[in-house]
Each structure stands twice: as C-alpha cells, then as structure tokens.
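data-v6.tsv, holding TSV, N, CA and C atoms:
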```tsv
chain	number	residue	atom	x	y	z
L	342	MET	N	-9.01	5.21	-14.72
L	342	MET	CA	-8.93	4.75	-16.08
L	342	MET	C	-9.66	3.41	-16.24
L	343	MET	N	-9.49	2.52	-15.29
L	343	MET	CA	-10.14	1.21	-15.38
L	343	MET	C	-11.65	1.33	-15.20
L	344	VAL	N	-12.09	2.28	-14.40
L	344	VAL	CA	-13.53	2.50	-14.23
L	344	VAL	C	-14.13	2.95	-15.55
L	345	TYR	N	-13.48	3.89	-16.21
L	345	TYR	CA	-13.98	4.34	-17.51
L	345	TYR	C	-13.95	3.22	-18.55
L	346	PHE	N	-12.95	2.36	-18.49
L	346	PHE	CA	-12.92	1.23	-19.40
L	346	PHE	C	-14.11	0.31	-19.14
L	347	GLY	N	-14.41	0.07	-17.85
L	347	GLY	CA	-15.58	-0.74	-17.50
L	347	GLY	C	-16.88	-0.10	-17.96
L	348	VAL	N	-16.98	1.22	-17.84
L	348	VAL	CA	-18.17	1.94	-18.30
L	348	VAL	C	-18.28	1.82	-19.82
L	349	SER	N	-17.16	1.91	-20.53
L	349	SER	CA	-17.17	1.76	-21.99
L	349	SER	C	-17.67	0.37	-22.39
L	350	VAL	N	-17.19	-0.65	-21.70
L	350	VAL	CA	-17.64	-2.02	-21.99
L	350	VAL	C	-19.12	-2.16	-21.68
L	351	PHE	N	-19.58	-1.58	-20.54
L	351	PHE	CA	-20.99	-1.63	-20.20
L	351	PHE	C	-21.83	-0.96	-21.29
L	352	CYS	N	-21.38	0.20	-21.78
L	352	CYS	CA	-22.12	0.91	-22.83
L	352	CYS	C	-22.17	0.10	-24.11
L	353	LEU	N	-21.09	-0.59	-24.44
L	353	LEU	CA	-21.07	-1.43	-25.62
L	353	LEU	C	-22.05	-2.59	-25.48
L	354	VAL	N	-22.06	-3.24	-24.33
L	354	VAL	CA	-23.00	-4.34	-24.08
L	354	VAL	C	-24.44	-3.81	-24.08
L	355	PHE	N	-24.66	-2.64	-23.47
L	355	PHE	CA	-25.99	-2.02	-23.46
L	355	PHE	C	-26.47	-1.78	-24.89
L	356	TYR	N	-25.59	-1.26	-25.75
L	356	TYR	CA	-25.96	-1.04	-27.14
L	356	TYR	C	-26.29	-2.35	-27.85
L	357	MET	N	-25.47	-3.37	-27.63
L	357	MET	CA	-25.70	-4.64	-28.31
L	357	MET	C	-27.04	-5.25	-27.90
L	358	ILE	N	-27.39	-5.17	-26.63
L	358	ILE	CA	-28.68	-5.70	-26.17
L	358	ILE	C	-29.82	-4.83	-26.70
L	359	TYR	N	-29.68	-3.52	-26.62
L	359	TYR	CA	-30.74	-2.62	-27.09
L	359	TYR	C	-30.93	-2.77	-28.60
L	360	ASP	N	-29.83	-2.95	-29.33
L	360	ASP	CA	-29.91	-3.12	-30.78
L	360	ASP	C	-30.65	-4.39	-31.16
L	361	ARG	N	-30.50	-5.40	-30.35
L	361	ARG	CA	-31.17	-6.68	-30.61
L	361	ARG	C	-32.69	-6.54	-30.58
L	362	PHE	N	-33.18	-5.65	-29.73
L	362	PHE	CA	-34.62	-5.48	-29.58
L	362	PHE	C	-35.15	-4.19	-30.21
L	363	SER	N	-34.37	-3.54	-31.07
L	363	SER	CA	-34.81	-2.25	-31.64
L	363	SER	C	-35.46	-2.41	-33.01
L	364	HIS	N	-35.76	-3.61	-33.42
L	364	HIS	CA	-36.45	-3.89	-34.68
L	364	HIS	C	-35.71	-3.35	-35.89
L	365	GLY	N	-34.38	-3.39	-35.84
L	365	GLY	CA	-33.56	-2.98	-36.99
L	365	GLY	C	-33.36	-1.49	-37.13
L	366	ILE	N	-33.89	-0.70	-36.22
L	366	ILE	CA	-33.71	0.75	-36.27
L	366	ILE	C	-32.46	1.09	-35.47
L	367	ARG	N	-31.59	1.89	-36.06
L	367	ARG	CA	-30.33	2.23	-35.39
L	367	ARG	C	-30.16	3.73	-35.27
L	368	SER	N	-29.37	4.11	-34.31
L	368	SER	CA	-29.03	5.51	-34.09
L	368	SER	C	-27.52	5.60	-33.87
L	369	PRO	N	-26.86	6.55	-34.53
L	369	PRO	CA	-25.42	6.69	-34.29
L	369	PRO	C	-25.10	7.07	-32.85
L	370	TYR	N	-26.03	7.76	-32.18
L	370	TYR	CA	-25.80	8.12	-30.79
L	370	TYR	C	-25.76	6.90	-29.88
L	371	MET	N	-26.49	5.88	-30.24
L	371	MET	CA	-26.48	4.64	-29.47
L	371	MET	C	-25.32	3.74	-29.93
L	372	THR	N	-25.06	3.72	-31.23
L	372	THR	CA	-23.99	2.88	-31.76
L	372	THR	C	-22.64	3.28	-31.18
L	373	TRP	N	-22.38	4.57	-31.10
L	373	TRP	CA	-21.10	5.07	-30.63
L	373	TRP	C	-21.15	5.51	-29.17
L	374	LEU	N	-22.10	5.01	-28.42
L	374	LEU	CA	-22.26	5.35	-27.01
L	374	LEU	C	-21.00	5.05	-26.20
L	375	PHE	N	-20.35	3.93	-26.50
L	375	PHE	CA	-19.16	3.53	-25.75
L	375	PHE	C	-18.00	4.48	-25.97
L	376	ALA	N	-18.01	5.26	-27.04
L	376	ALA	CA	-16.88	6.13	-27.38
L	376	ALA	C	-16.73	7.30	-26.42
L	377	TRP	N	-17.83	7.80	-25.86
L	377	TRP	CA	-17.73	8.94	-24.93
L	377	TRP	C	-16.87	8.62	-23.71
L	378	PRO	N	-17.20	7.57	-22.95
L	378	PRO	CA	-16.34	7.30	-21.79
L	378	PRO	C	-14.93	6.84	-22.19
L	379	PHE	N	-14.82	6.22	-23.36
L	379	PHE	CA	-13.49	5.77	-23.78
L	379	PHE	C	-12.62	6.96	-24.16
L	380	LEU	N	-13.11	7.83	-25.03
L	380	LEU	CA	-12.32	8.97	-25.48
L	380	LEU	C	-12.11	10.01	-24.39
L	381	LEU	N	-13.13	10.23	-23.56
L	381	LEU	CA	-13.03	11.28	-22.55
L	381	LEU	C	-12.52	10.77	-21.21
L	382	GLY	N	-12.46	9.46	-21.01
L	382	GLY	CA	-12.02	8.91	-19.74
L	382	GLY	C	-10.77	8.06	-19.83
L	383	VAL	N	-10.80	7.07	-20.70
L	383	VAL	CA	-9.67	6.14	-20.79
L	383	VAL	C	-8.44	6.83	-21.39
L	384	LEU	N	-8.61	7.56	-22.48
L	384	LEU	CA	-7.46	8.18	-23.12
L	384	LEU	C	-6.76	9.23	-22.25
L	385	PRO	N	-7.50	10.15	-21.59
L	385	PRO	CA	-6.80	11.04	-20.66
L	385	PRO	C	-6.14	10.29	-19.50
L	386	GLY	N	-6.76	9.22	-19.06
L	386	GLY	CA	-6.16	8.39	-18.00
L	386	GLY	C	-4.84	7.79	-18.44
L	387	ILE	N	-4.78	7.35	-19.69
L	387	ILE	CA	-3.54	6.80	-20.23
L	387	ILE	C	-2.47	7.88	-20.30
L	388	VAL	N	-2.87	9.09	-20.71
L	388	VAL	CA	-1.90	10.19	-20.78
L	388	VAL	C	-1.33	10.50	-19.40
L	389	PHE	N	-2.19	10.61	-18.38
L	389	PHE	CA	-1.71	10.90	-17.03
L	389	PHE	C	-0.86	9.75	-16.47
L	390	TRP	N	-1.21	8.53	-16.83
L	390	TRP	CA	-0.46	7.37	-16.35
L	390	TRP	C	0.91	7.28	-17.05
L	391	ARG	N	0.92	7.54	-18.34
L	391	ARG	CA	2.13	7.39	-19.13
L	391	ARG	C	3.14	8.51	-18.87
L	392	PHE	N	2.65	9.73	-18.74
L	392	PHE	CA	3.52	10.88	-18.53
L	392	PHE	C	3.38	11.35	-17.09
L	393	SER	N	4.21	10.83	-16.23
L	393	SER	CA	4.09	11.09	-14.79
L	393	SER	C	4.47	12.51	-14.41
L	394	LYS	N	5.09	13.26	-15.30
L	394	LYS	CA	5.49	14.63	-14.99
L	394	LYS	C	4.32	15.62	-15.07
L	395	ILE	N	3.22	15.21	-15.68
L	395	ILE	CA	2.06	16.09	-15.80
L	395	ILE	C	1.42	16.26	-14.42
L	396	ARG	N	1.10	17.51	-14.09
L	396	ARG	CA	0.46	17.82	-12.81
L	396	ARG	C	-0.90	17.13	-12.74
L	397	ARG	N	-1.17	16.46	-11.65
L	397	ARG	CA	-2.43	15.76	-11.46
L	397	ARG	C	-3.53	16.75	-11.08
L	398	PRO	N	-4.75	16.51	-11.58
L	398	PRO	CA	-5.85	17.42	-11.24
L	398	PRO	C	-6.30	17.23	-9.79
L	399	GLY	N	-6.87	18.28	-9.23
L	399	GLY	CA	-7.41	18.23	-7.88
L	399	GLY	C	-8.78	17.58	-7.85
L	400	ARG	N	-9.32	17.39	-6.67
L	400	ARG	CA	-10.60	16.70	-6.49
L	400	ARG	C	-11.75	17.46	-7.16
L	401	PHE	N	-11.78	18.79	-7.02
L	401	PHE	CA	-12.84	19.59	-7.64
L	401	PHE	C	-12.82	19.42	-9.15
L	402	THR	N	-11.63	19.48	-9.74
L	402	THR	CA	-11.48	19.33	-11.18
L	402	THR	C	-11.92	17.94	-11.64
L	403	VAL	N	-11.51	16.93	-10.92
L	403	VAL	CA	-11.88	15.56	-11.28
L	403	VAL	C	-13.39	15.36	-11.18
L	404	ASN	N	-13.99	15.86	-10.11
L	404	ASN	CA	-15.45	15.71	-9.95
L	404	ASN	C	-16.21	16.44	-11.06
L	405	LEU	N	-15.77	17.64	-11.40
L	405	LEU	CA	-16.44	18.41	-12.45
L	405	LEU	C	-16.29	17.71	-13.79
L	406	TYR	N	-15.11	17.25	-14.10
L	406	TYR	CA	-14.85	16.57	-15.38
L	406	TYR	C	-15.63	15.25	-15.46
L	407	ASN	N	-15.59	14.45	-14.38
L	407	ASN	CA	-16.33	13.19	-14.38
L	407	ASN	C	-17.83	13.40	-14.54
L	408	SER	N	-18.36	14.45	-13.92
L	408	SER	CA	-19.78	14.76	-14.08
L	408	SER	C	-20.09	15.12	-15.53
L	409	GLY	N	-19.18	15.82	-16.17
L	409	GLY	CA	-19.36	16.16	-17.58
L	409	GLY	C	-19.37	14.93	-18.47
L	410	VAL	N	-18.45	14.00	-18.21
L	410	VAL	CA	-18.41	12.75	-18.99
L	410	VAL	C	-19.70	11.96	-18.79
L	411	ALA	N	-20.16	11.89	-17.55
L	411	ALA	CA	-21.40	11.16	-17.26
L	411	ALA	C	-22.59	11.81	-17.96
L	412	ALA	N	-22.67	13.13	-17.92
L	412	ALA	CA	-23.80	13.84	-18.54
L	412	ALA	C	-23.80	13.65	-20.05
L	413	VAL	N	-22.64	13.75	-20.68
L	413	VAL	CA	-22.55	13.58	-22.13
L	413	VAL	C	-22.90	12.14	-22.51
L	414	THR	N	-22.44	11.17	-21.75
L	414	THR	CA	-22.73	9.77	-22.04
L	414	THR	C	-24.22	9.47	-21.90
L	415	VAL	N	-24.82	9.92	-20.81
L	415	VAL	CA	-26.26	9.69	-20.61
L	415	VAL	C	-27.07	10.43	-21.67
L	416	SER	N	-26.65	11.63	-22.04
L	416	SER	CA	-27.34	12.38	-23.07
L	416	SER	C	-27.31	11.64	-24.40
L	417	SER	N	-26.16	11.07	-24.74
L	417	SER	CA	-26.05	10.31	-25.98
L	417	SER	C	-26.95	9.07	-25.94
L	418	MET	N	-26.99	8.41	-24.79
L	418	MET	CA	-27.85	7.23	-24.65
L	418	MET	C	-29.32	7.62	-24.83
L	419	LEU	N	-29.73	8.71	-24.18
L	419	LEU	CA	-31.11	9.15	-24.30
L	419	LEU	C	-31.45	9.55	-25.73
L	420	ARG	N	-30.54	10.25	-26.38
L	420	ARG	CA	-30.78	10.66	-27.77
L	420	ARG	C	-30.95	9.43	-28.66
L	421	GLY	N	-30.11	8.40	-28.44
L	421	GLY	CA	-30.24	7.17	-29.21
L	421	GLY	C	-31.56	6.48	-28.96
L	422	ILE	N	-31.97	6.42	-27.69
L	422	ILE	CA	-33.25	5.79	-27.36
L	422	ILE	C	-34.40	6.57	-27.99
L	423	PHE	N	-34.34	7.90	-27.91
L	423	PHE	CA	-35.41	8.72	-28.49
L	423	PHE	C	-35.47	8.57	-30.01
L	424	GLU	N	-34.32	8.52	-30.68
L	424	GLU	CA	-34.32	8.35	-32.13
L	424	GLU	C	-34.87	6.99	-32.52
L	425	ILE	N	-34.50	5.97	-31.79
L	425	ILE	CA	-35.00	4.63	-32.10
L	425	ILE	C	-36.51	4.57	-31.86
L	426	ALA	N	-36.98	5.26	-30.82
L	426	ALA	CA	-38.41	5.27	-30.52
L	426	ALA	C	-39.19	6.21	-31.44
L	427	GLY	N	-38.49	7.07	-32.18
L	427	GLY	CA	-39.15	7.98	-33.10
L	427	GLY	C	-39.69	9.24	-32.44
L	428	THR	N	-39.05	9.67	-31.37
L	428	THR	CA	-39.49	10.87	-30.66
L	428	THR	C	-38.27	11.73	-30.35
L	429	ALA	N	-38.47	12.82	-29.65
L	429	ALA	CA	-37.36	13.71	-29.30
L	429	ALA	C	-37.69	14.41	-27.98
L	430	SER	N	-36.67	15.02	-27.39
L	430	SER	CA	-36.86	15.76	-26.15
L	430	SER	C	-35.84	16.89	-26.09
L	431	ASP	N	-36.28	18.05	-25.64
L	431	ASP	CA	-35.37	19.18	-25.46
L	431	ASP	C	-34.46	18.95	-24.27
L	432	TYR	N	-34.90	18.18	-23.29
L	432	TYR	CA	-34.10	17.96	-22.08
L	432	TYR	C	-32.80	17.24	-22.40
L	433	GLN	N	-32.81	16.36	-23.37
L	433	GLN	CA	-31.59	15.66	-23.76
L	433	GLN	C	-30.57	16.65	-24.28
L	434	GLN	N	-31.00	17.63	-25.07
L	434	GLN	CA	-30.08	18.64	-25.59
L	434	GLN	C	-29.51	19.49	-24.47
L	435	HIS	N	-30.35	19.84	-23.50
L	435	HIS	CA	-29.87	20.62	-22.37
L	435	HIS	C	-28.84	19.84	-21.56
L	436	LEU	N	-29.07	18.54	-21.42
L	436	LEU	CA	-28.11	17.69	-20.71
L	436	LEU	C	-26.77	17.63	-21.45
L	437	MET	N	-26.81	17.57	-22.78
L	437	MET	CA	-25.58	17.56	-23.58
L	437	MET	C	-24.82	18.88	-23.40
L	438	TYR	N	-25.55	20.00	-23.43
L	438	TYR	CA	-24.90	21.31	-23.24
L	438	TYR	C	-24.30	21.43	-21.84
L	439	ALA	N	-25.03	20.97	-20.84
L	439	ALA	CA	-24.53	21.02	-19.47
L	439	ALA	C	-23.29	20.14	-19.32
L	440	GLY	N	-23.32	18.96	-19.93
L	440	GLY	CA	-22.16	18.07	-19.89
L	440	GLY	C	-20.95	18.69	-20.57
L	441	GLY	N	-21.17	19.32	-21.71
L	441	GLY	CA	-20.07	19.99	-22.40
L	441	GLY	C	-19.50	21.13	-21.57
L	442	ALA	N	-20.38	21.88	-20.90
L	442	ALA	CA	-19.92	22.97	-20.04
L	442	ALA	C	-19.11	22.43	-18.86
L	443	MET	N	-19.57	21.34	-18.27
L	443	MET	CA	-18.82	20.76	-17.15
L	443	MET	C	-17.46	20.23	-17.61
L	444	LEU	N	-17.41	19.63	-18.79
L	444	LEU	CA	-16.12	19.18	-19.34
L	444	LEU	C	-15.18	20.36	-19.54
L	445	PHE	N	-15.70	21.41	-20.16
L	445	PHE	CA	-14.89	22.61	-20.41
L	445	PHE	C	-14.40	23.23	-19.10
L	446	LEU	N	-15.29	23.36	-18.13
L	446	LEU	CA	-14.91	23.95	-16.85
L	446	LEU	C	-13.92	23.07	-16.09
L	447	GLY	N	-14.08	21.75	-16.20
L	447	GLY	CA	-13.13	20.84	-15.56
L	447	GLY	C	-11.74	20.97	-16.15
L	448	ILE	N	-11.67	21.08	-17.47
L	448	ILE	CA	-10.37	21.25	-18.13
L	448	ILE	C	-9.77	22.61	-17.77
L	449	ALA	N	-10.63	23.65	-17.78
L	449	ALA	CA	-10.16	25.00	-17.43
L	449	ALA	C	-9.68	25.06	-15.98
L	450	ALA	N	-10.37	24.37	-15.08
L	450	ALA	CA	-9.96	24.37	-13.68
L	450	ALA	C	-8.62	23.67	-13.49
L	451	HIS	N	-8.33	22.71	-14.35
L	451	HIS	CA	-7.02	22.04	-14.28
L	451	HIS	C	-5.92	22.93	-14.86
L	452	LEU	N	-6.22	23.57	-15.97
L	452	LEU	CA	-5.20	24.39	-16.62
L	452	LEU	C	-4.93	25.69	-15.87
L	453	PHE	N	-5.98	26.25	-15.25
L	453	PHE	CA	-5.86	27.53	-14.54
L	453	PHE	C	-6.36	27.36	-13.11
L	454	PRO	N	-5.53	26.77	-12.23
L	454	PRO	CA	-5.99	26.53	-10.84
L	454	PRO	C	-6.29	27.84	-10.12
L	455	ILE	N	-7.28	27.81	-9.25
L	455	ILE	CA	-7.70	28.98	-8.49
L	455	ILE	C	-6.90	29.02	-7.20
L	456	ARG	N	-6.33	30.16	-6.92
L	456	ARG	CA	-5.56	30.31	-5.69
L	456	ARG	C	-6.49	30.30	-4.49
L	457	GLY	N	-6.01	29.77	-3.42
L	457	GLY	CA	-6.81	29.72	-2.21
L	457	GLY	C	-7.49	28.38	-1.99
L	458	PHE	N	-7.65	27.61	-3.07
L	458	PHE	CA	-8.23	26.27	-2.92
L	458	PHE	C	-7.11	25.31	-2.58
L	459	ARG	N	-7.39	24.48	-1.62
L	459	ARG	CA	-6.43	23.48	-1.20
L	459	ARG	C	-6.53	22.28	-2.13
L	460	ARG	N	-5.41	21.75	-2.58
L	460	ARG	CA	-5.41	20.53	-3.39
L	460	ARG	C	-5.65	19.34	-2.50
L	461	ALA	N	-6.55	18.48	-2.94
L	461	ALA	CA	-6.85	17.26	-2.15
L	461	ALA	C	-5.97	16.12	-2.61
```

So that I can check it, write out the structure of this file as structure tokens.
Amino acid sequence: MMVYFGVSVFCLVFYMIYDRFSHGIRSPYMTWLFAWPFLLGVLPGIVFWRFSKIRRPGRFTVNLYNSGVAAVTVSSMLRGIFEIAGTASDYQQHLMYAGGAMLFLGIAAHLFPIRGFRRA
C-alpha cells in the first residue's frame, strides 16, 4: 500500500513538472495519472489492511495485478504525453488493453483460485 502511495505521489510530481513545460497544453490522461495507482493500489491495500478476515491473494495473483496496474499507469502517461505532443500511437492502446486484461485476470485469480497451485 505504501509503495502505491509513493508511486501516486511520484506520478503527481511528474505531472506537475511535465505540465510546467507543456506550453499550456493539458491532457486528462496526464492530469489524472496519479489516480491509477491510488485507486487500483492504495484503496485495495486499505481494504485488505482494514478487514483482516479477507483472504490474502497469492504471489501469482499479486504479480499479475501489479503488472496490470503498472501497464495501465504507463499507458495513461504515454497517452498524455502523446496528446500534449499532438500525436498518437496504437501501441499505447494495446498497452491499456493488456493492462486491463492483467487486472481482470489478477482479480479472477484471487476470486477463483486454481487447485494444485501452492500459495506462497
């Protein structure tokens, strides 16, 4: 949870510095960049911390979910940079879709554990 909070602060500082040199052009993807790690990382961390009866996810689930959060965050940053620069890229969209799929699969792996896998 604290790592995600640090990433959220880093994204906010990154936006503030990038906004200073963007010649007044803004992108909502860059403005709200800090929200991805905060909403997808800090808030679930608070839920798991606050409600200790909830089953903790395994290592595979955590790695898959964290990769999804990272992919969505980087995709949002790239989209913001591309919009500010006045260009676009299909790769950013593919990264967003892959991040969403990893988030979905991470949540599904937590809700429906696979038998035979050892919990770490």

Contact residues around Val383 in chain L with all atoms listed in the file at 7 Å, ignoring same-chain residues under 3 positions, as number ranges by chain: L: 342-343, 345-346, 377-380, 386-388

Report as a VMD selection string: the residues of range 374-411 of chain L with a DSSP assignment of helix (DSSP H, G or I), based on the backbone of this structure. chain L and resid 376 to 391 400 to 411

May I ask for the distance between CA of Tyr359 in chain L and CA of Met437 in chain L, given in Å to one decimal place? 21.1 Å

Please identify all polymer residues lying at most 7 Å from the point (-30.1, 5.7, -33.2) (file coordinates), using only C-alpha atoms, and present the result as a list of chain:residue names. L:Ile366, L:Arg367, L:Ser368, L:Pro369, L:Tyr370, L:Met371, L:Thr372, L:Gly421, L:Ile422, L:Glu424, L:Ile425

Shortest contact to Ile448 in chain L, candidates L:Phe362, L:Tyr406, L:Phe423, L:Phe351, atoms counted all atoms listed in the file, goes to L:Tyr406

Between L:Ala429, L:Val413, L:Arg361, L:Ile395, which has the minimum distance to Ala376 in chain L (counting only C-alpha atoms)?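 Selected residue with least distance to Ala376 in chain L: L:Val413.
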
CA of Leu452 in chain L to CA of Ala439 in chain L, distance in Å rounded to a single decimal: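 Those two atoms sit 19.8 Å apart.
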
Using only C-alpha atoms, find the one residue out of L:Val410, L:Val415, L:Val354, L:Val348 that sits nearest to Phe445 in chain L.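 Ranking L:Val410, L:Val415, L:Val354, L:Val348 by distance to Phe445 in chain L, first place goes to L:Val410.
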
Spatial neighbours of Pro398 in chain L, 6 Å, only N, CA and C atoms, chain gap at least 4 places, as a ChimeraX atom specification: /L:402-403,451

Is it possible to get the residues within 6.5 Å of (-13.6, 18.8, -18.1) (coordinates as in the file, counting all atoms listed in the file) written as JSON, numbers by chain? {"L": [405, 406, 407, 409, 443, 444, 445, 446, 447, 448, 449]}

Take CA of Phe375 in chain L and CA of Val350 in chain L and report the distance between them in Å, one decimal.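 Between CA of Phe375 in chain L and CA of Val350 in chain L the gap works out to 6.9 Å.
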